[in-house]
Amino acid sequence: MTAKSAAAAVRATVYGYPRQGQGRELKKAIEGYWKGRVTAAALQDTAAELRRANWRQLADTGVHEVPTGDFSYYDHVLDTTVMVGAIPQRHRAAVEADALDGYFAMARGTQDVAPLEMTKWFDTNYHYLVPELGPNTVFAADTAKQVAELKEALALSLTARPVVVGPVTYLLLAKPAPGAPADFEPLTLLDRLLPVYAEVLADLRAAGAEWVQLDEPVLVQDRTRAELDAAARVYRDLGALTDRPRLLVASYFGRLGEALPVLAQAPVEGLALDFTAAGAANLDDLAAVGGLPGKRLIAGVVDGRNIWINDLSKSLSTLGTLLGLADRVDVAASCSLLHVPLDASVERDIDPQIRRWLAFARQKTAEIVTLAKGLAQGTDAITGELSANRADLASRASSPITHDPAVRSRAAAVTEADTRRSQPYAERTAAQRGHLGLPLLPTTTIGSFPQTAELRTARADLRAGRIDTTGYEERIKAEIAEVISFQEKAGLDVLVHGEPERNDMVQYFAEQLTGYLATQHGWVQSYGTRYVRPPVLAGDITRPEPMTVRWTTYAQSLTSRPVKGMLTGPVTMLAWSFVRDDQPLADTARQVALALRDEVNDLEAGGTSVIQVDEPALRETLPLRAADHAAYLAWATEAFRLTTSGVRPDTQIHTHMCYAEFGDIVQAIDDLDADVISLEAARSRMQVARELAAHGYPREAGPGIYDIHSPRVPGTVEAAELLRTGLKAIPAERLWVNPDCGLKTRGWPETRAALENLVAAARTIRAEL
Ligand code: GLN
Ligand code: ZN
């Protein structure tokens with residue numbers, strides 16, 4: 001086929017779309033169903049209506065081929081578990097009694113049965129439910145959901161392409177089932193799984209699918225030869241089936257690397273590749289393997305994970321190059337649009353000039369359609385779009401918001417010395433001990449205390465104008481006074497103000513920093529019915545005034561014990577926001593770090609001797625490929641040190657991490673040069689303490705002894721036992737006593753009881769030393 005006739009057939013498509021609806025109707029219907037206020041039939045109707053609305057919206061924008069099967073009541077990996085019949089033993093009865101309730105039991109657990117484990121979907125903030133597989137797993141195809149959703153779309157006379165999690169990805173994301181050997185490799189189940197996929201493909205073909213998309217994002221990660229061979233076998237076997245639709249193997253979140261030749265040689269009809277910055281190397285790699293003769297290529301040129309408008313001319317040039325490398329080239333976003341909010345045009349609070357720089361799912365869809373048209377008909381067909389796009393890009397590039405000379409020259413002037421404290425840890429720790437006068441095994445908490453209904457009401461009252469700022473601040477102060485008085489009575493050594501003024505640990509700071517935008521409706525699914533609104537790092541970052549000093553010094557004025565200042569670190573600020581794509585992440589991190597450094601220094605000047613800078617996201621932002629780890633960790637740890645190294649040696653810097661295994665980044669944790677780290681550790685019975693010790697970690701550490709994810713109150717004996725376990729790894733001179741994480745999601749009664757027990761446990765162990 002010549003380039004010209006290849007171009008004539010260009011289709012616009014996407015791999016998935018936000019599920020929730022503009023008013024988060026899906027969340028409301030599902031949570032209503034859980035509470036018994038919405039019937040199953042009403043929930044199903046809401047879901048079907050949302051799917052139809054999404055498809056119509058896509059088709060009306062000009063998308064030629066819509067995805068089906070990407071919708072989910074909770075999570076698409078859990079849907080795949082249902083599709084292949086891998087229901088864990090403990091959930092079978094519930095699933096057999098009622099499929100929908102059984103589904104939610106797997107997702108959320110019940111009074112008697114634990115849910116599936118939840119973990120992050122690659123390096124996004126979406127969480128999936130981890131399949132549990134073992135030597136006894138028996139698969140059985142259940143194609144009902146995929147077939148029904150395909151038929152719904154076909155009934156609207158649309159061209160529809162079912163999207164299914166591929167078998168290699170499904171198995172590699174699984175973990176050994178309870179009772180299976182710990183070293184059980186789910187990939188060994190491939191032979192049993194493939195017949196199920198064959199059935200899925202046959203059923204989808206019978207239902208009218210011309211193409212089926214099999215998602216294999218695990219192939220953009222480092223894979224062993226055996227895993228690549230398994231992928232080769234899967235697609236050789238599925239390709240050899242006679243009763244099947246055409247197969248499109250989709251990759252996203254980066255470059256395929258050594259998996260590209262494997263898929264290029266496989267007897268499938270199409271591949272989807274990421275050509276955004278993350279997958280840029282795919283372009284050269286594709287040329288190096290001789291392109292994809294005879295295959296369809298779906299080019300993910302519009303960034304599906306970030307919210308900036310596309311550079312249409314640049315994408316067209318990429319697409320033009322690709323035309324010569326495949327039989328047919330179609331246009332898409334780099335991944336499912338699940339990871340971006342629905343519609344930027346409803347953000348009325350964002351300056352219209354800046355809003356033009358933003359593209360959420362709806363706007364991205366329009367970009368994809370424009371690019372497909374430009375590729376098929378030539379740039380003359382899209383001159384209006386191109387010139388508007390050029391104007392918006394130029395306005396962003398030249399805006400004073402994105403280029404503040406003062407911020408830039410300050411960032412450029414940062415030296416290595418600015419990222420180092422004036423004395424090494426060993427000398428500082430002695431100075432801090434003298435200064436703070438703490439006992440052995442000092443007790444503290446991670447920052448937040450229960451966010452009560454009264455606090456949320458106060459915030460709502462302020463927003464609605466029912467109370468003024470003074471009235472609001474009075475309520476916050478009253479809360480701080482109560483939190484301080486409780487901690488004194490409970491006998492904690494290093495107190496906190498409790499963070500009552502914070503709506504969220506990132507948004508609170510984003511709202512006060514210039515260059516950072518908050519959205520009103522920019523909801524993105526984090527897991528199940530939990531949605532978050534990540535703020536947008538849009539411009540150069542400055543701190544017009546101190547952000548936390550008032551509250552911390554007020555708290556300190558109420559007590560003679562040290563009150564710990566509390567900030568969110570630069571890496572976590574980036575990880576839980578949409579980041580700039582017009583400069584390296586390291587540059588954005590440095591700007592945020594400089595703003596936070598001023599806050600740290602102001603806290604110290606205001607009389608704060610202990611300052612905690614939280615970095616729970618340090619591990620989760622680690623790049624997918626090992627080759628990229630060192631560069632990331634270098635800028636990430638530097639940003640933390642830049643934030644924290646402007647203080648006196650006797651000021652104690654804490655950090656905190658949770659939600660992940662940290663065993664493989666102990667060196668990076670050490671490179672933060674913090675004086676004290678608190679870590680989530682209770683559930684793993686101090687595993688992380690052993691990992692720190694194994695690495696020779698030299699600093700003070702507080703592995704958590706209270707699992708704050710559950711309302712359960714740990715007893716004193718149990719807490720003391722965990723401390724004894726901790727002491728086997730970390731000597732008493734360096735061991736701190738604290739919960740796993742902040743207490744904002746807990747109620748007051750259990751918080752009181754648990755912290756009293758925690759202090760009692762510390763006293764018990766001190767008496768034994
Ligand atoms: N200081 C924060 C709190 O206590 C830390 C939260 C977190 O680690 N996610 O809530
Ligand atoms: Zn935490």
# chains A, B, ... in the order shown; residues from 1 in each chain; ligands from 1

call {"tool": "residues_near_ligand", "arguments": {"ligand": "ligand 1", "cutoff": "8 Å", "atoms": "only C-alpha atoms and all ligand atoms", "output": "JSON, numbers by chain"}}
result
{"A": [445, 446, 447, 448, 449, 498, 499, 505, 566, 567, 568, 612, 614, 615, 616, 656, 657, 658, 659, 741, 742, 743, 744]}

call {"tool": "residues_around", "arguments": {"residues": "A:Arg683", "least_positions_apart": "2", "cutoff": "7 Å", "atoms": "only C-alpha atoms", "output": "list in words"}}
result
Ala681, Arg685 and Asp707 of chain A

call {"tool": "write_last_selection", "arguments": {"atoms": "C-alpha atoms", "output": "PDB file, in the first residue's frame"}}
result
ATOM      1  CA  ALA A 681       5.601  -0.992  59.236  1.00  0.00           C
ATOM      2  CA  ARG A 685       5.673  -6.590  61.558  1.00  0.00           C
ATOM      3  CA  ASP A 707      -1.874   0.316  61.591  1.00  0.00           C
TER       4      ASP A 707
END

call {"tool": "residues_around", "arguments": {"residues": "A:Asp45", "least_positions_apart": "6", "cutoff": "10 Å", "atoms": "only C-alpha atoms", "output": "list in words"}}
result
Ala29, Thr39 and Arg51 of chain A

call {"tool": "residues_around", "arguments": {"residues": "A:Arg456", "least_positions_apart": "5", "cutoff": "9 Å", "atoms": "only C-alpha atoms", "output": "list in words"}}
result
Gln451, Asp461 and Asn503 of chain A

call {"tool": "write_last_selection", "arguments": {"atoms": "C-alpha atoms", "output": "PDB file, in the first residue's frame"}}
result
ATOM      1  CA  GLN A 451     -10.640  15.295  60.284  1.00  0.00           C
ATOM      2  CA  ASP A 461     -19.388  27.127  55.821  1.00  0.00           C
ATOM      3  CA  ASN A 503      -8.182  19.789  52.894  1.00  0.00           C
TER       4      ASN A 503
END

call {"tool": "select_by_dssp", "arguments": {"residues": "stretch 546-653 of chain A", "states": "alpha helix (DSSP H)", "output": "ChimeraX atom specification"}}
result
/A:549-557,570-575,585-605,629-644

call {"tool": "select_by_dssp", "arguments": {"residues": "stretch 458-561 of chain A", "states": "strand (DSSP E)", "output": "compact mmCIF listing (two decimals) with C-alpha atoms, in the first residue's frame"}}
result
# COMPACT_ATOMS: atom_id res chain seq x y z
CA THR A 514 1.72 30.90 42.66
CA GLY A 515 2.00 28.89 39.44
CA TYR A 516 -0.03 26.00 40.85
CA LEU A 517 -3.70 25.64 39.78
CA VAL A 524 -9.62 11.33 38.21
CA GLN A 525 -10.28 7.79 39.42
CA SER A 526 -7.80 6.66 42.05
CA TYR A 527 -9.53 3.39 42.89
CA ARG A 530 -12.46 7.15 45.11
CA TYR A 531 -11.64 10.09 42.86
CA VAL A 532 -8.99 12.76 43.38
CA VAL A 536 -1.80 21.45 38.05
CA LEU A 537 1.81 22.62 38.17
CA ALA A 538 1.26 25.17 35.44
CA GLY A 539 3.92 27.81 35.84
CA ASP A 540 7.02 28.91 37.70
CA ILE A 541 6.51 28.41 41.41
CA THR A 542 6.70 31.08 44.07

call {"tool": "closest_residue", "arguments": {"among": "A:Arg328, A:Arg161, A:Arg244, A:His76", "to": "A:Trp121", "atoms": "only C-alpha atoms"}}
result
A:His76

call {"tool": "residues_around", "arguments": {"residues": "stretch 224-241 of chain A", "least_positions_apart": "3", "cutoff": "9 Å", "atoms": "only C-alpha atoms", "output": "ChimeraX atom specification"}}
result
/A:167-168,172,187,190,194,197-198,201,219,244,246-247,249,258-259,262-263,265-269

call {"tool": "write_last_selection", "arguments": {"atoms": "C-alpha atoms", "output": "PDB file, in the first residue's frame"}}
result
ATOM      1  CA  PRO A 167      -2.869 -12.585  29.026  1.00  0.00           C
ATOM      2  CA  VAL A 168       0.796 -11.736  29.626  1.00  0.00           C
ATOM      3  CA  LEU A 172       2.476 -10.811  35.401  1.00  0.00           C
ATOM      4  CA  LEU A 187       3.131 -17.024  34.268  1.00  0.00           C
ATOM      5  CA  LEU A 190      -0.236 -19.629  30.504  1.00  0.00           C
ATOM      6  CA  LEU A 194      -4.874 -19.283  26.610  1.00  0.00           C
ATOM      7  CA  TYR A 197      -8.703 -16.075  25.747  1.00  0.00           C
ATOM      8  CA  ALA A 198      -9.480 -18.121  22.624  1.00  0.00           C
ATOM      9  CA  LEU A 201     -11.999 -13.873  21.081  1.00  0.00           C
ATOM     10  CA  LEU A 219       5.915  -5.125  27.969  1.00  0.00           C
ATOM     11  CA  ARG A 244     -11.015 -14.833  15.897  1.00  0.00           C
ATOM     12  CA  ARG A 246      -8.204  -9.181  14.046  1.00  0.00           C
ATOM     13  CA  LEU A 247      -5.836  -8.649  16.946  1.00  0.00           C
ATOM     14  CA  VAL A 249      -1.716  -5.653  20.802  1.00  0.00           C
ATOM     15  CA  GLU A 258      13.266  -5.548  23.444  1.00  0.00           C
ATOM     16  CA  ALA A 259       9.551  -6.495  23.309  1.00  0.00           C
ATOM     17  CA  VAL A 262       8.770  -9.877  19.543  1.00  0.00           C
ATOM     18  CA  LEU A 263       5.443  -8.214  18.772  1.00  0.00           C
ATOM     19  CA  GLN A 265       7.135 -10.629  14.325  1.00  0.00           C
ATOM     20  CA  ALA A 266       3.965 -11.987  15.914  1.00  0.00           C
ATOM     21  CA  PRO A 267       1.108 -13.058  13.617  1.00  0.00           C
ATOM     22  CA  VAL A 268      -1.242 -10.324  14.852  1.00  0.00           C
ATOM     23  CA  GLU A 269      -2.740  -7.641  12.632  1.00  0.00           C
TER      24      GLU A 269
END

call {"tool": "residues_around", "arguments": {"residues": "A:Arg410", "least_positions_apart": "4", "cutoff": "12 Å", "atoms": "only C-alpha atoms", "output": "PyMOL selection string"}}
result
chain A and resi 404-406+414-415+418+540-542+587+590-595

call {"tool": "write_last_selection", "arguments": {"atoms": "N, CA and C atoms", "output": "PDB file, in the first residue's frame"}}
result
ATOM      1  N   ASP A 404       9.002  33.128  34.957  1.00  0.00           N
ATOM      2  CA  ASP A 404       9.224  34.176  35.945  1.00  0.00           C
ATOM      3  C   ASP A 404      10.736  34.304  36.126  1.00  0.00           C
ATOM      4  N   PRO A 405      11.322  35.415  35.629  1.00  0.00           N
ATOM      5  CA  PRO A 405      12.789  35.519  35.616  1.00  0.00           C
ATOM      6  C   PRO A 405      13.389  35.358  37.015  1.00  0.00           C
ATOM      7  N   ALA A 406      12.703  35.852  38.040  1.00  0.00           N
ATOM      8  CA  ALA A 406      13.256  35.754  39.389  1.00  0.00           C
ATOM      9  C   ALA A 406      13.363  34.287  39.826  1.00  0.00           C
ATOM     10  N   VAL A 414      21.358  27.711  42.184  1.00  0.00           N
ATOM     11  CA  VAL A 414      21.497  26.708  43.250  1.00  0.00           C
ATOM     12  C   VAL A 414      22.823  25.971  43.083  1.00  0.00           C
ATOM     13  N   THR A 415      23.554  25.847  44.178  1.00  0.00           N
ATOM     14  CA  THR A 415      24.824  25.127  44.129  1.00  0.00           C
ATOM     15  C   THR A 415      24.716  23.849  44.948  1.00  0.00           C
ATOM     16  N   ASP A 418      24.138  24.349  48.543  1.00  0.00           N
ATOM     17  CA  ASP A 418      22.761  24.644  48.983  1.00  0.00           C
ATOM     18  C   ASP A 418      21.986  23.376  49.314  1.00  0.00           C
ATOM     19  N   ASP A 540       5.901  28.830  36.761  1.00  0.00           N
ATOM     20  CA  ASP A 540       7.016  28.909  37.697  1.00  0.00           C
ATOM     21  C   ASP A 540       6.456  29.128  39.103  1.00  0.00           C
ATOM     22  N   ILE A 541       7.092  28.500  40.069  1.00  0.00           N
ATOM     23  CA  ILE A 541       6.512  28.408  41.411  1.00  0.00           C
ATOM     24  C   ILE A 541       7.117  29.427  42.371  1.00  0.00           C
ATOM     25  N   THR A 542       6.246  30.203  42.991  1.00  0.00           N
ATOM     26  CA  THR A 542       6.705  31.082  44.072  1.00  0.00           C
ATOM     27  C   THR A 542       5.753  30.970  45.252  1.00  0.00           C
ATOM     28  N   ASP A 587      13.560  20.225  36.990  1.00  0.00           N
ATOM     29  CA  ASP A 587      13.477  21.688  37.096  1.00  0.00           C
ATOM     30  C   ASP A 587      12.253  22.100  37.907  1.00  0.00           C
ATOM     31  N   ARG A 590      12.846  21.402  41.527  1.00  0.00           N
ATOM     32  CA  ARG A 590      13.745  22.366  42.152  1.00  0.00           C
ATOM     33  C   ARG A 590      13.000  23.655  42.518  1.00  0.00           C
ATOM     34  N   GLN A 591      12.096  24.078  41.649  1.00  0.00           N
ATOM     35  CA  GLN A 591      11.310  25.288  41.968  1.00  0.00           C
ATOM     36  C   GLN A 591      10.426  25.062  43.196  1.00  0.00           C
ATOM     37  N   VAL A 592       9.775  23.908  43.233  1.00  0.00           N
ATOM     38  CA  VAL A 592       8.913  23.603  44.386  1.00  0.00           C
ATOM     39  C   VAL A 592       9.782  23.518  45.643  1.00  0.00           C
ATOM     40  N   ALA A 593      10.943  22.892  45.505  1.00  0.00           N
ATOM     41  CA  ALA A 593      11.843  22.743  46.654  1.00  0.00           C
ATOM     42  C   ALA A 593      12.274  24.107  47.198  1.00  0.00           C
ATOM     43  N   LEU A 594      12.547  25.046  46.306  1.00  0.00           N
ATOM     44  CA  LEU A 594      12.975  26.368  46.774  1.00  0.00           C
ATOM     45  C   LEU A 594      11.847  27.069  47.546  1.00  0.00           C
ATOM     46  N   ALA A 595      10.619  26.929  47.062  1.00  0.00           N
ATOM     47  CA  ALA A 595       9.490  27.530  47.792  1.00  0.00           C
ATOM     48  C   ALA A 595       9.348  26.875  49.164  1.00  0.00           C
TER      49      ALA A 595
END

call {"tool": "residues_around", "arguments": {"residues": "A:Ala40", "least_positions_apart": "4", "cutoff": "12 Å", "atoms": "only C-alpha atoms", "output": "PyMOL selection string"}}
result
chain A and resi 29-36+44-47+73+98-101

call {"tool": "write_last_selection", "arguments": {"atoms": "C-alpha atoms", "output": "compact mmCIF listing (two decimals), in the first residue's frame"}}
result
# COMPACT_ATOMS: atom_id res chain seq x y z
CA ALA A 29 -24.90 5.28 42.03
CA ILE A 30 -22.38 2.70 43.28
CA GLU A 31 -22.10 4.18 46.76
CA GLY A 32 -25.89 4.46 46.84
CA TYR A 33 -26.10 0.77 45.96
CA TRP A 34 -23.70 -0.13 48.77
CA LYS A 35 -25.87 1.77 51.21
CA GLY A 36 -29.03 0.10 49.94
CA GLN A 44 -27.07 -0.91 35.88
CA ASP A 45 -29.20 1.69 34.11
CA THR A 46 -26.97 4.54 35.25
CA ALA A 47 -23.90 2.63 34.06
CA TYR A 73 -17.92 -0.76 38.27
CA ASP A 98 -25.02 -12.71 43.60
CA ALA A 99 -22.59 -11.74 40.85
CA LEU A 100 -22.67 -7.99 41.56
CA ASP A 101 -22.39 -8.29 45.33

call {"tool": "atom_distance", "arguments": {"atom1": "atom CA of A:Lys295", "atom2": "atom CA of A:His64"}}
result
18.6 Å

call {"tool": "atom_distance", "arguments": {"atom1": "atom CA of A:Thr644", "atom2": "atom CA of A:Gly663"}}
result
23.3 Å

call {"tool": "closest_residue", "arguments": {"among": "A:Tyr706, A:Phe509, A:Phe122, A:Phe275", "to": "ligand 2", "atoms": "only C-alpha atoms and all ligand atoms"}}
result
A:Tyr706

call {"tool": "closest_residue", "arguments": {"among": "A:Ser334, A:Asn136, A:Gln377, A:Gln487", "to": "A:Pro186", "atoms": "only C-alpha atoms"}}
result
A:Asn136

call {"tool": "atom_distance", "arguments": {"atom1": "atom CA of A:Cys335", "atom2": "atom CA of A:Gly304"}}
result
5.1 Å

call {"tool": "decode", "arguments": {"residues": "stretch 431-456 of chain A", "atoms": "N, CA and C atoms", "output": "mmCIF file, in the first residue's frame"}}
result
data_model
loop_
_atom_site.group_PDB
_atom_site.id
_atom_site.type_symbol
_atom_site.label_atom_id
_atom_site.label_comp_id
_atom_site.auth_asym_id
_atom_site.auth_seq_id
_atom_site.Cartn_x
_atom_site.Cartn_y
_atom_site.Cartn_z
ATOM 1 N N ALA A 431 23.817 17.503 68.723
ATOM 2 C CA ALA A 431 23.316 18.860 68.980
ATOM 3 C C ALA A 431 21.801 18.845 69.196
ATOM 4 N N GLN A 432 21.105 18.025 68.400
ATOM 5 C CA GLN A 432 19.636 17.978 68.502
ATOM 6 C C GLN A 432 19.197 17.363 69.819
ATOM 7 N N ARG A 433 19.906 16.345 70.251
ATOM 8 C CA ARG A 433 19.543 15.698 71.508
ATOM 9 C C ARG A 433 19.626 16.707 72.649
ATOM 10 N N GLY A 434 20.727 17.472 72.651
ATOM 11 C CA GLY A 434 20.884 18.483 73.692
ATOM 12 C C GLY A 434 19.787 19.534 73.625
ATOM 13 N N HIS A 435 19.513 19.950 72.430
ATOM 14 C CA HIS A 435 18.542 21.019 72.208
ATOM 15 C C HIS A 435 17.122 20.588 72.579
ATOM 16 N N LEU A 436 16.739 19.374 72.196
ATOM 17 C CA LEU A 436 15.343 18.954 72.363
ATOM 18 C C LEU A 436 15.082 18.254 73.699
ATOM 19 N N GLY A 437 16.108 17.679 74.284
ATOM 20 C CA GLY A 437 15.941 16.998 75.569
ATOM 21 C C GLY A 437 14.910 15.875 75.532
ATOM 22 N N LEU A 438 15.015 15.004 74.525
ATOM 23 C CA LEU A 438 14.031 13.925 74.393
ATOM 24 C C LEU A 438 14.480 12.684 75.147
ATOM 25 N N PRO A 439 13.527 11.863 75.623
ATOM 26 C CA PRO A 439 13.885 10.590 76.245
ATOM 27 C C PRO A 439 14.304 9.581 75.177
ATOM 28 N N LEU A 440 14.801 8.429 75.606
ATOM 29 C CA LEU A 440 14.996 7.312 74.670
ATOM 30 C C LEU A 440 13.626 6.918 74.132
ATOM 31 N N LEU A 441 13.601 6.350 72.957
ATOM 32 C CA LEU A 441 12.348 5.946 72.317
ATOM 33 C C LEU A 441 11.312 7.067 72.359
ATOM 34 N N PRO A 442 11.628 8.210 71.758
ATOM 35 C CA PRO A 442 10.672 9.319 71.783
ATOM 36 C C PRO A 442 9.388 8.964 71.026
ATOM 37 N N THR A 443 8.281 9.460 71.538
ATOM 38 C CA THR A 443 6.988 9.170 70.905
ATOM 39 C C THR A 443 6.521 10.392 70.118
ATOM 40 N N THR A 444 5.907 10.118 68.966
ATOM 41 C CA THR A 444 5.349 11.201 68.152
ATOM 42 C C THR A 444 4.264 10.625 67.242
ATOM 43 N N THR A 445 3.615 11.493 66.467
ATOM 44 C CA THR A 445 2.648 11.033 65.469
ATOM 45 C C THR A 445 3.072 11.589 64.120
ATOM 46 N N ILE A 446 2.330 11.245 63.068
ATOM 47 C CA ILE A 446 2.790 11.561 61.710
ATOM 48 C C ILE A 446 2.265 12.917 61.238
ATOM 49 N N GLY A 447 1.318 13.508 61.947
ATOM 50 C CA GLY A 447 0.912 14.866 61.564
ATOM 51 C C GLY A 447 -0.558 15.140 61.735
ATOM 52 N N SER A 448 -1.397 14.394 60.973
ATOM 53 C CA SER A 448 -2.812 14.738 61.020
ATOM 54 C C SER A 448 -3.500 14.032 62.182
ATOM 55 N N PHE A 449 -4.505 14.709 62.739
ATOM 56 C CA PHE A 449 -5.420 14.118 63.706
ATOM 57 C C PHE A 449 -6.776 14.002 63.020
ATOM 58 N N PRO A 450 -7.752 13.328 63.626
ATOM 59 C CA PRO A 450 -9.018 13.084 62.918
ATOM 60 C C PRO A 450 -9.592 14.348 62.265
ATOM 61 N N GLN A 451 -9.938 14.208 60.990
ATOM 62 C CA GLN A 451 -10.640 15.295 60.284
ATOM 63 C C GLN A 451 -12.121 15.077 60.577
ATOM 64 N N THR A 452 -12.614 15.791 61.558
ATOM 65 C CA THR A 452 -13.978 15.538 62.031
ATOM 66 C C THR A 452 -15.006 16.177 61.112
ATOM 67 N N ALA A 453 -16.265 15.760 61.296
ATOM 68 C CA ALA A 453 -17.374 16.350 60.531
ATOM 69 C C ALA A 453 -17.425 17.846 60.792
ATOM 70 N N GLU A 454 -17.118 18.275 62.019
ATOM 71 C CA GLU A 454 -17.155 19.720 62.350
ATOM 72 C C GLU A 454 -16.151 20.482 61.493
ATOM 73 N N LEU A 455 -14.968 19.876 61.294
ATOM 74 C CA LEU A 455 -13.956 20.574 60.485
ATOM 75 C C LEU A 455 -14.408 20.703 59.038
ATOM 76 N N ARG A 456 -14.987 19.615 58.534
ATOM 77 C CA ARG A 456 -15.458 19.674 57.139
ATOM 78 C C ARG A 456 -16.604 20.678 57.015
#
